[in-house]
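Engineer: start-v1.txt (compact mmCIF, C-alpha atoms and all ligand atoms) pasted underneath:
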```txt
# COMPACT_ATOMS: atom_id res chain seq x y z
CA MET A 1 -30.00 10.90 -2.15
CA ALA A 2 -30.07 11.22 -5.93
CA MET A 3 -27.08 12.96 -7.48
CA THR A 4 -27.45 15.50 -10.27
CA LEU A 5 -25.33 16.79 -13.11
CA ASN A 6 -25.03 19.95 -11.07
CA ASP A 7 -23.28 18.00 -8.30
CA LEU A 8 -20.75 16.84 -10.86
CA ILE A 9 -20.24 20.36 -12.17
CA GLU A 10 -19.70 21.61 -8.62
CA THR A 11 -17.21 18.82 -7.91
CA PHE A 12 -15.20 19.75 -11.01
CA ARG A 13 -15.34 23.41 -10.06
CA SER A 14 -14.15 22.98 -6.50
CA ALA A 15 -11.57 20.24 -7.17
CA LEU A 16 -9.94 22.22 -9.96
CA SER A 17 -10.60 25.67 -8.40
CA LEU A 18 -12.37 26.83 -11.56
CA PRO A 19 -13.90 30.30 -11.75
CA GLU A 20 -17.61 30.69 -12.55
CA THR A 21 -16.71 31.78 -16.06
CA VAL A 22 -15.51 28.29 -17.06
CA ASP A 23 -18.09 26.23 -18.94
CA VAL A 24 -17.59 22.97 -17.03
CA PRO A 25 -19.73 20.60 -19.18
CA ALA A 26 -17.63 21.57 -22.22
CA LEU A 27 -14.36 21.01 -20.38
CA ARG A 28 -11.59 18.73 -21.65
CA TYR A 29 -8.32 17.59 -20.02
CA ARG A 30 -5.61 20.29 -20.24
CA ALA A 31 -8.06 22.80 -21.80
CA VAL A 32 -7.54 24.96 -18.70
CA PRO A 33 -4.24 25.24 -16.79
CA GLN A 34 -5.89 23.90 -13.61
CA TRP A 35 -6.70 20.55 -15.23
CA ASN A 36 -3.12 19.30 -15.50
CA SER A 37 -1.84 15.95 -14.20
CA LEU A 38 -1.74 17.21 -10.62
CA GLY A 39 -5.24 18.66 -10.87
CA HIS A 40 -6.37 15.41 -12.46
CA MET A 41 -5.51 13.40 -9.35
CA GLN A 42 -7.28 15.99 -7.18
CA LEU A 43 -10.30 15.71 -9.42
CA VAL A 44 -10.27 11.91 -9.21
CA ALA A 45 -10.02 12.02 -5.41
CA ALA A 46 -12.88 14.52 -5.26
CA LEU A 47 -15.09 12.47 -7.60
CA GLU A 48 -14.42 9.29 -5.66
CA SER A 49 -15.22 10.92 -2.39
CA ARG A 50 -18.31 12.85 -3.56
CA PHE A 51 -19.90 9.94 -5.42
CA ASP A 52 -18.56 7.17 -3.18
CA VAL A 53 -16.84 5.21 -5.94
CA ILE A 54 -13.34 3.79 -6.38
CA LEU A 55 -12.20 4.15 -9.97
CA GLU A 56 -10.08 1.74 -11.97
CA THR A 57 -6.71 3.01 -13.23
CA ASP A 58 -7.91 2.64 -16.85
CA ASP A 59 -10.90 4.86 -16.12
CA ILE A 60 -8.68 7.45 -14.48
CA LEU A 61 -6.56 7.56 -17.62
CA ASP A 62 -9.69 7.73 -19.79
CA LEU A 63 -11.26 10.57 -17.84
CA GLY A 64 -10.51 13.23 -20.43
CA SER A 65 -13.67 15.29 -20.41
CA PHE A 66 -16.75 16.15 -18.41
CA ASP A 67 -18.85 13.84 -20.60
CA LYS A 68 -16.43 11.00 -20.01
CA ALA A 69 -16.79 11.56 -16.27
CA VAL A 70 -20.57 11.14 -16.61
CA GLU A 71 -19.99 7.91 -18.53
CA ILE A 72 -17.48 6.52 -16.02
CA LEU A 73 -19.75 7.33 -13.09
CA ALA A 74 -22.62 5.56 -14.87
CA LYS A 75 -20.38 2.52 -15.27
CA ASN A 76 -19.87 2.68 -11.51
CA HIS A 77 -23.64 2.72 -10.90
CA VAL A 78 -23.92 6.45 -10.32
CA ALA A 79 -26.75 7.75 -12.50
CA LEU A 80 -26.85 11.53 -12.58
CA GLU A 81 -30.19 13.29 -12.92
CA ALA A 82 -30.37 16.34 -15.14
CA MET B 1 -3.59 9.49 24.28
CA SER B 2 -0.13 8.00 23.78
CA LEU B 3 1.44 8.78 20.40
CA SER B 4 1.93 5.08 19.76
CA ARG B 5 -1.84 4.45 19.84
CA LEU B 6 -3.74 3.96 16.59
CA ASP B 7 -7.30 3.95 17.92
CA GLY B 8 -9.90 4.84 15.31
CA ARG B 9 -7.52 4.19 12.42
CA THR B 10 -7.66 1.40 9.87
CA ALA B 11 -4.57 -0.44 8.66
CA LEU B 12 -4.27 -2.80 5.71
CA VAL B 13 -1.33 -5.19 5.89
CA THR B 14 -0.67 -7.18 2.73
CA GLY B 15 0.74 -10.67 3.18
CA SER B 16 -0.32 -10.90 6.82
CA SER B 17 -1.13 -14.60 7.08
CA ARG B 18 2.37 -15.40 8.38
CA GLY B 19 5.72 -13.96 9.37
CA ILE B 20 6.44 -10.24 9.51
CA GLY B 21 3.03 -9.28 8.10
CA ARG B 22 1.17 -11.29 10.70
CA ALA B 23 3.29 -9.90 13.55
CA THR B 24 2.69 -6.40 12.18
CA ALA B 25 -1.08 -6.89 12.00
CA GLU B 26 -1.05 -8.18 15.57
CA CYS B 27 1.09 -5.27 16.77
CA LEU B 28 -1.03 -2.59 15.07
CA ALA B 29 -4.20 -4.18 16.46
CA ALA B 30 -2.64 -4.30 19.95
CA HIS B 31 -2.20 -0.53 19.62
CA GLY B 32 -5.84 0.01 18.77
CA ALA B 33 -5.98 -0.10 14.97
CA ASP B 34 -8.72 -1.87 13.06
CA VAL B 35 -6.91 -4.20 10.70
CA VAL B 36 -7.47 -5.77 7.28
CA LEU B 37 -5.50 -8.96 6.75
CA ASN B 38 -4.46 -10.33 3.36
CA GLY B 39 -2.79 -13.39 1.92
CA LEU B 40 -3.32 -15.81 -0.90
CA GLY B 41 -5.81 -17.82 1.14
CA PRO B 42 -7.54 -20.11 1.93
CA ALA B 43 -10.19 -17.69 3.13
CA GLU B 44 -11.24 -19.82 6.13
CA GLU B 45 -7.75 -19.74 7.63
CA LEU B 46 -7.42 -15.98 7.18
CA ASP B 47 -10.93 -15.49 8.61
CA GLY B 48 -9.97 -17.54 11.66
CA LEU B 49 -6.87 -15.42 12.21
CA ALA B 50 -8.90 -12.21 11.79
CA ALA B 51 -11.45 -13.38 14.37
CA ALA B 52 -8.65 -14.25 16.82
CA ILE B 53 -6.96 -10.85 16.44
CA ALA B 54 -10.29 -9.03 16.83
CA ARG B 55 -11.00 -10.97 20.03
CA ARG B 56 -7.53 -10.53 21.51
CA HIS B 57 -7.36 -6.80 21.02
CA GLY B 58 -10.98 -5.62 20.93
CA VAL B 59 -10.66 -4.13 17.46
CA ARG B 60 -12.33 -4.83 14.12
CA CYS B 61 -10.34 -7.21 11.97
CA ILE B 62 -11.32 -8.73 8.64
CA ALA B 63 -9.51 -10.76 6.01
CA VAL B 64 -9.50 -10.22 2.25
CA PRO B 65 -7.59 -12.87 0.28
CA ALA B 66 -6.01 -11.52 -2.92
CA ASP B 67 -3.02 -12.28 -5.11
CA MET B 68 -0.80 -9.19 -5.13
CA ALA B 69 0.52 -10.25 -8.54
CA SER B 70 -2.82 -9.39 -10.13
CA PRO B 71 -3.58 -5.68 -10.58
CA GLU B 72 -7.31 -6.44 -10.63
CA ALA B 73 -7.07 -8.41 -7.39
CA VAL B 74 -5.11 -5.59 -5.74
CA GLY B 75 -7.81 -3.11 -6.80
CA GLY B 76 -10.44 -5.46 -5.41
CA LEU B 77 -8.52 -5.79 -2.12
CA LEU B 78 -8.31 -2.04 -1.59
CA LYS B 79 -11.96 -1.55 -2.47
CA ALA B 80 -13.13 -4.36 -0.20
CA ALA B 81 -11.00 -3.04 2.67
CA TYR B 82 -12.31 0.50 2.28
CA ARG B 83 -15.92 -0.56 1.87
CA ALA B 84 -15.79 -2.73 4.98
CA MET B 85 -13.91 -0.32 7.24
CA GLY B 86 -15.00 3.05 5.84
CA ARG B 87 -11.50 4.49 5.93
CA LEU B 88 -7.83 3.75 5.29
CA ASP B 89 -5.06 5.34 7.34
CA VAL B 90 -2.16 2.90 7.22
CA LEU B 91 -1.02 0.71 4.35
CA VAL B 92 1.75 -1.79 4.99
CA CYS B 93 3.00 -3.29 1.72
CA ASN B 94 4.53 -6.42 3.13
CA ALA B 95 3.57 -9.28 0.80
CA GLY B 96 6.72 -10.53 -0.84
CA ILE B 97 8.39 -13.62 -2.20
CA LEU B 98 11.97 -14.75 -2.52
CA GLY B 99 13.42 -15.59 -5.90
CA ASP B 100 16.81 -17.07 -5.10
CA GLY B 101 19.02 -18.12 -7.97
CA ARG B 102 22.31 -17.22 -9.57
CA LEU B 103 22.45 -15.09 -12.71
CA GLY B 104 22.06 -17.35 -15.69
CA MET B 105 19.66 -19.59 -13.79
CA LEU B 106 16.65 -17.34 -13.40
CA PRO B 107 13.71 -18.50 -15.55
CA ALA B 108 11.65 -15.73 -17.16
CA ALA B 109 8.49 -16.84 -15.42
CA GLU B 110 10.21 -16.57 -12.03
CA VAL B 111 11.51 -13.09 -12.87
CA ASP B 112 8.00 -12.01 -13.87
CA ARG B 113 6.40 -13.47 -10.76
CA VAL B 114 8.84 -11.91 -8.25
CA LEU B 115 8.60 -8.49 -9.88
CA ALA B 116 4.81 -8.79 -10.14
CA VAL B 117 4.31 -9.59 -6.45
CA ASN B 118 7.07 -7.51 -4.87
CA VAL B 119 7.12 -4.44 -7.10
CA ALA B 120 4.00 -4.13 -9.28
CA GLY B 121 1.68 -5.34 -6.52
CA THR B 122 3.08 -2.74 -4.14
CA LEU B 123 2.86 0.00 -6.75
CA HIS B 124 -0.77 -0.77 -7.53
CA ALA B 125 -1.66 -0.91 -3.85
CA ILE B 126 -0.03 2.49 -3.28
CA GLN B 127 -1.77 4.02 -6.33
CA THR B 128 -5.22 3.18 -5.07
CA GLY B 129 -4.41 3.29 -1.35
CA ALA B 130 -3.10 6.85 -1.52
CA ARG B 131 -6.37 8.11 -2.98
CA LEU B 132 -8.39 6.40 -0.28
CA MET B 133 -6.11 7.84 2.42
CA GLN B 134 -6.53 11.27 0.89
CA ARG B 135 -10.24 11.08 1.69
CA GLY B 136 -9.39 10.85 5.38
CA GLY B 137 -6.90 13.72 5.17
CA GLY B 138 -3.68 11.68 4.95
CA GLY B 139 -2.00 8.58 6.26
CA SER B 140 1.14 6.48 6.37
CA ILE B 141 2.46 3.92 3.90
CA VAL B 142 5.22 1.50 4.86
CA THR B 143 6.93 -0.77 2.35
CA LEU B 144 9.04 -3.83 3.14
CA ALA B 145 12.38 -3.46 1.40
CA SER B 146 15.44 -5.45 2.48
CA ILE B 147 19.08 -5.01 3.34
CA VAL B 148 19.89 -6.83 0.09
CA GLY B 149 18.08 -4.12 -1.89
CA ARG B 150 20.70 -1.66 -0.64
CA ARG B 151 23.82 -3.82 -0.54
CA GLY B 152 23.18 -6.66 -3.01
CA ASN B 153 23.85 -10.33 -2.35
CA ALA B 154 25.32 -13.05 -4.55
CA GLY B 155 22.56 -15.46 -5.54
CA GLN B 156 19.80 -12.92 -4.93
CA ALA B 157 20.01 -10.60 -7.96
CA LEU B 158 16.31 -10.91 -8.73
CA TYR B 159 15.08 -10.49 -5.16
CA ALA B 160 17.56 -7.64 -4.55
CA ALA B 161 16.42 -5.92 -7.76
CA SER B 162 12.81 -6.10 -6.59
CA LYS B 163 13.69 -4.66 -3.19
CA ALA B 164 15.85 -1.89 -4.68
CA ALA B 165 12.89 -1.04 -6.92
CA LEU B 166 10.72 -0.72 -3.84
CA ILE B 167 13.15 1.81 -2.40
CA GLY B 168 12.89 3.96 -5.55
CA LEU B 169 9.13 3.63 -5.41
CA THR B 170 9.05 4.60 -1.74
CA LEU B 171 11.28 7.66 -2.17
CA SER B 172 9.28 8.88 -5.17
CA ALA B 173 5.92 8.28 -3.53
CA ALA B 174 7.09 10.20 -0.45
CA LYS B 175 7.77 13.23 -2.63
CA GLU B 176 4.55 12.94 -4.60
CA LEU B 177 2.22 12.18 -1.71
CA GLY B 178 3.76 14.38 0.99
CA PRO B 179 1.70 17.41 -0.05
CA LEU B 180 -1.43 15.27 0.47
CA GLY B 181 -0.46 14.48 4.06
CA ILE B 182 0.66 10.96 3.23
CA ARG B 183 4.03 9.80 4.57
CA VAL B 184 5.85 6.97 2.82
CA ASN B 185 8.76 5.07 4.35
CA ALA B 186 10.46 1.72 3.93
CA VAL B 187 11.87 -0.69 6.44
CA ALA B 188 14.85 -2.73 5.32
CA PRO B 189 15.05 -5.87 7.46
CA GLY B 190 18.23 -7.91 7.69
CA PHE B 191 17.97 -11.59 8.60
CA ILE B 192 14.59 -12.22 10.20
CA ASP B 193 13.49 -15.62 11.49
CA THR B 194 10.39 -16.47 9.41
CA ASP B 195 9.33 -19.10 6.86
CA MET B 196 11.27 -17.09 4.28
CA THR B 197 14.60 -17.82 5.96
CA ALA B 198 13.70 -21.20 7.49
CA HIS B 199 15.03 -23.16 4.49
CA LEU B 200 18.62 -21.96 4.94
CA ASP B 201 20.99 -24.65 6.23
CA ALA B 202 22.73 -24.47 9.59
CA GLY B 203 26.16 -23.64 8.16
CA LEU B 204 24.84 -20.68 6.24
CA ARG B 205 22.86 -19.40 9.23
CA GLU B 206 26.00 -19.67 11.37
CA ARG B 207 27.92 -17.58 8.85
CA TRP B 208 25.21 -14.89 8.71
CA LEU B 209 25.06 -14.75 12.49
CA ARG B 210 28.73 -13.83 12.71
CA ASP B 211 28.00 -10.71 10.64
CA ILE B 212 25.26 -9.40 12.95
CA ALA B 213 26.51 -6.93 15.58
CA LEU B 214 23.67 -7.64 18.00
CA GLY B 215 24.51 -11.36 17.84
CA ARG B 216 21.06 -12.71 17.05
CA PHE B 217 18.66 -13.01 14.15
CA GLY B 218 15.74 -10.59 14.11
CA SER B 219 12.22 -11.65 14.99
CA ALA B 220 9.06 -10.75 13.09
CA GLU B 221 8.12 -8.66 16.16
CA ASP B 222 11.34 -6.63 15.86
CA VAL B 223 10.21 -5.54 12.39
CA ALA B 224 6.57 -5.11 13.44
CA ARG B 225 7.51 -2.59 16.16
CA THR B 226 9.46 -0.54 13.65
CA VAL B 227 6.47 -0.55 11.31
CA LEU B 228 4.31 0.57 14.25
CA PHE B 229 6.64 3.54 14.75
CA LEU B 230 6.39 4.50 11.07
CA ALA B 231 2.63 3.91 10.94
CA GLY B 232 1.64 6.32 13.71
CA ASP B 233 2.22 9.78 15.08
CA LEU B 234 5.57 9.01 16.74
CA SER B 235 7.02 9.48 13.25
CA ALA B 236 4.77 12.37 12.21
CA TYR B 237 7.68 14.28 10.60
CA VAL B 238 9.41 11.27 9.02
CA THR B 239 8.94 10.54 5.33
CA GLY B 240 11.05 9.23 2.45
CA GLN B 241 13.31 7.18 4.76
CA VAL B 242 14.64 3.65 4.54
CA LEU B 243 15.03 2.36 8.07
CA GLY B 244 17.28 -0.66 8.56
CA VAL B 245 16.04 -3.29 11.02
CA ASP B 246 19.03 -5.58 10.86
CA GLY B 247 20.76 -5.70 14.24
CA GLY B 248 23.79 -3.99 12.72
CA MET B 249 24.29 -6.56 9.98
CA ALA B 250 27.39 -6.23 7.81
CA MET B 251 26.84 -7.31 4.23
N1 LIG C 301 12.49 -12.75 6.54
C1 LIG C 301 13.47 -11.93 6.24
O1 LIG C 301 14.62 -12.15 6.62
C2 LIG C 301 13.20 -10.69 5.43
C3 LIG C 301 14.29 -9.82 5.24
C4 LIG C 301 14.08 -8.66 4.49
C5 LIG C 301 12.84 -8.38 3.95
N2 LIG C 301 11.82 -9.24 4.14
C6 LIG C 301 10.54 -8.89 3.53
O2 LIG C 301 9.50 -8.84 4.48
C7 LIG C 301 8.27 -9.24 3.89
C8 LIG C 301 7.66 -10.37 4.72
O3 LIG C 301 8.60 -11.44 4.78
P1 LIG C 301 8.40 -12.73 5.69
O4 LIG C 301 9.74 -13.17 6.08
O5 LIG C 301 7.37 -12.47 6.71
O6 LIG C 301 7.84 -13.75 4.58
P2 LIG C 301 6.95 -15.06 4.73
O7 LIG C 301 7.05 -15.61 6.11
O8 LIG C 301 7.35 -15.92 3.59
O9 LIG C 301 5.45 -14.51 4.52
C9 LIG C 301 5.11 -13.93 3.30
C10 LIG C 301 3.71 -13.35 3.38
O10 LIG C 301 3.40 -12.77 2.12
C11 LIG C 301 2.23 -13.38 1.60
N3 LIG C 301 2.27 -13.47 0.16
C12 LIG C 301 3.21 -14.04 -0.63
N4 LIG C 301 2.88 -13.93 -1.93
C13 LIG C 301 1.71 -13.25 -1.97
C14 LIG C 301 0.84 -12.84 -3.01
N5 LIG C 301 1.13 -13.08 -4.30
N6 LIG C 301 -0.30 -12.19 -2.68
C15 LIG C 301 -0.62 -11.95 -1.40
N7 LIG C 301 0.15 -12.32 -0.36
C16 LIG C 301 1.30 -12.97 -0.64
C17 LIG C 301 2.17 -14.74 2.23
O11 LIG C 301 0.83 -15.21 2.18
P3 LIG C 301 0.47 -16.81 2.07
O12 LIG C 301 0.54 -17.33 3.46
O13 LIG C 301 -0.90 -16.82 1.50
O14 LIG C 301 1.51 -17.41 1.17
C18 LIG C 301 2.67 -14.42 3.64
O15 LIG C 301 1.63 -13.88 4.41
C19 LIG C 301 8.59 -9.64 2.46
O16 LIG C 301 8.32 -8.56 1.59
C20 LIG C 301 10.07 -9.91 2.51
O17 LIG C 301 10.68 -9.75 1.26
C21 LIG C 301 11.96 -10.39 4.87
```
Could I get this structure in the form of C-alpha cells?
Structural biologist:
Amino acid sequence: MAMTLNDLIETFRSALSLPETVDVPALRYRAVPQWNSLGHMQLVAALESRFDVILETDDILDLGSFDKAVEILAKNHVALEA
Amino acid sequence: MSLSRLDGRTALVTGSSRGIGRATAECLAAHGADVVLNGLGPAEELDGLAAAIARRHGVRCIAVPADMASPEAVGGLLKAAYRAMGRLDVLVCNAGILGDGRLGMLPAAEVDRVLAVNVAGTLHAIQTGARLMQRGGGGSIVTLASIVGRRGNAGQALYAASKAALIGLTLSAAKELGPLGIRVNAVAPGFIDTDMTAHLDAGLRERWLRDIALGRFGSAEDVARTVLFLAGDLSAYVTGQVLGVDGGMAM
C-alpha cells in the first residue's frame, strides 16, 4: 500500500505525543519539549516500524527535521505521496 | 508452556560457528527458538550448521556471516536477521577474540582489533538490536563478559579491558532499555574448554584447575544453559546483572 505524507505526520504525532496544534511538517529537533533525545529514539522506532525500514546510525543522527525524515525515508526506498 | 521454552521467538547469536556461541545456538534452538547464526565464514560451513540445527530441533535456523569489527557489517547482520525472521527477541553478543600479551608488548593494531570486535561490535549490535526488539514489545540481550573483566589477569590487560568495558555497556544498557521492556545481562565465564583456551599448556591448565572449587573446567554447554536462563522468562525480573559461570574460580 502506498504511504503518504499524512502517514508520516501521524507517525510523528503519535510517537512524540504531539497535540493537534503542533505544525508537524515545520517541526525541528528540540523545537518542542517532546522531541528530546528520548523522544528521538521513540520516533526512530516508530518510523522504522511504520515504514518497515532499518535506519543507519548516521541517518538517525541526521534526522533533525520533518523534511529530513522525508529525505531519509526516500533514501530507504519509501516514496511518500502527497 | 514451560518458562524455559522459547517457542515463537527469534534469537541472534553472534560468533556461533564454534564454542560457547555454537552451544548457545543449539541450546536455544532445543528450547524452541528460531536462531540466526553468525561467524566470519565461510558461508557454506555456517549454512551447513544452520541446516543441521534446524533439522535436529524443528526450528528455523539461518546463518549470516559478518565481521563484528565492522559497524556496517553489524548493521547488515541485524537487518538480514530481522528481514529473514520477521522479529528479534533475543540477542546474544558472544563473538569475541583473545588478545593475550603483556603490557609493553601489545601492538596498536591488536589493541584496535580486540576492542573493535569485543566492545564496538557488541555496542553496535545492541544499538540496532534494541530498536528491532522494541517493535516486538521487548526482549533480552545477553553479553559475554569474563571473570578477567572483573578481577584482571596478568598478561591479559587488553582482553580484560574489553570485557570490563562490556560490563559497563551491559549495566548502562539495562538502565536505558529497561523502560522499553528489554532486559540486558552479562555472563562472566571462568575457564571454559573451547578453542579459545585450547592453546594453553598442560602446566598452566593444571594450575588453573587447582583454583576452581568445582574441580573441573567449564563446558560450552554450562555457559549456554546460563544464557538460556537469561534469554527467557525464567529470568523475567532480572536485568543489569553479571552472572559468573566459573565453577567457583578464585582469581
Ligand atoms: N573460553 C573461555 O574460557 C571464555 C571465558 C570467558 C569469556 N569467554 C567469552 O565467550 C565468548 C565465546 O568464547 P569461545 O571460548 O566460545 O571462543 P571461540 O571458541 O574462540 O569462538 C569464538 C567465536 O566468535 C566468532 N568470532 C570471532 N571473531 C569474530 C568476528 N570478528 N566477527 C564475527 N564472529 C567472530 C568465531 O567465529 P569464526 O569461527 O568465524 O572465527 C567463533 O564463532 C567470547 O566473547 C569470549 O571472550 C570465553
Engineer: Neighbouring residues of ligand LIG 301 (chain C) are defined here as those with any atom at most 7 Å from a ligand atom, counting all atoms listed in the file; list them as a ChimeraX atom specification.
Structural biologist: /B:14-22,38-41,66-69,94-98,117-118,144-147,188-197,220
Engineer: As an exercise, work out the distance from atom CA of Arg151 of chain B to atom CA of Val119 of chain B in Å and give it to one decimal place.
Structural biologist: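 Spanning atom CA of Arg151 of chain B to atom CA of Val119 of chain B is a straight-line distance of 18.0 Å.
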Engineer: Pull out every residue of chain A sitting within 10 Å of chain B, counting all atoms listed in the file, and send them as number ranges by chain.
Structural biologist: A: 38, 41-42, 44-46, 48-50, 52-57
Engineer: Need the shell around segment 19-36 of chain A: protein/DNA/RNA residues with any atom at most 6 Å away, counting all atoms listed in the file. Skip same-chain ones fewer than 4 positions apart. Format as an mmCIF file with C-alpha atoms, keeping the file's coordinate frame?
Structural biologist:
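In the end it all went to part.cif:
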```cif
data_model
loop_
_atom_site.group_PDB
_atom_site.id
_atom_site.type_symbol
_atom_site.label_atom_id
_atom_site.label_comp_id
_atom_site.auth_asym_id
_atom_site.auth_seq_id
_atom_site.Cartn_x
_atom_site.Cartn_y
_atom_site.Cartn_z
ATOM 1 C CA HIS A 40 -6.370 15.410 -12.460
ATOM 2 C CA GLY A 64 -10.510 13.230 -20.430
ATOM 3 C CA SER A 65 -13.670 15.290 -20.410
ATOM 4 C CA PHE A 66 -16.750 16.150 -18.410
#
```
Engineer: So how far away is atom CA of Ala74 of chain A from atom CA of Ile60 of chain A, in Å?
Structural biologist: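 Spanning atom CA of Ile60 of chain A to atom CA of Ala74 of chain A is a straight-line distance of 14.1 Å.
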Engineer: Return the single residue from B:Gln156, B:Ser235, B:Thr10, B:Thr24 that is closest to Arg60 of chain B, with distances computed using all atoms listed in the file.
Structural biologist: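 Answer, going by the shortest atom-to-atom distance: B:Thr10.
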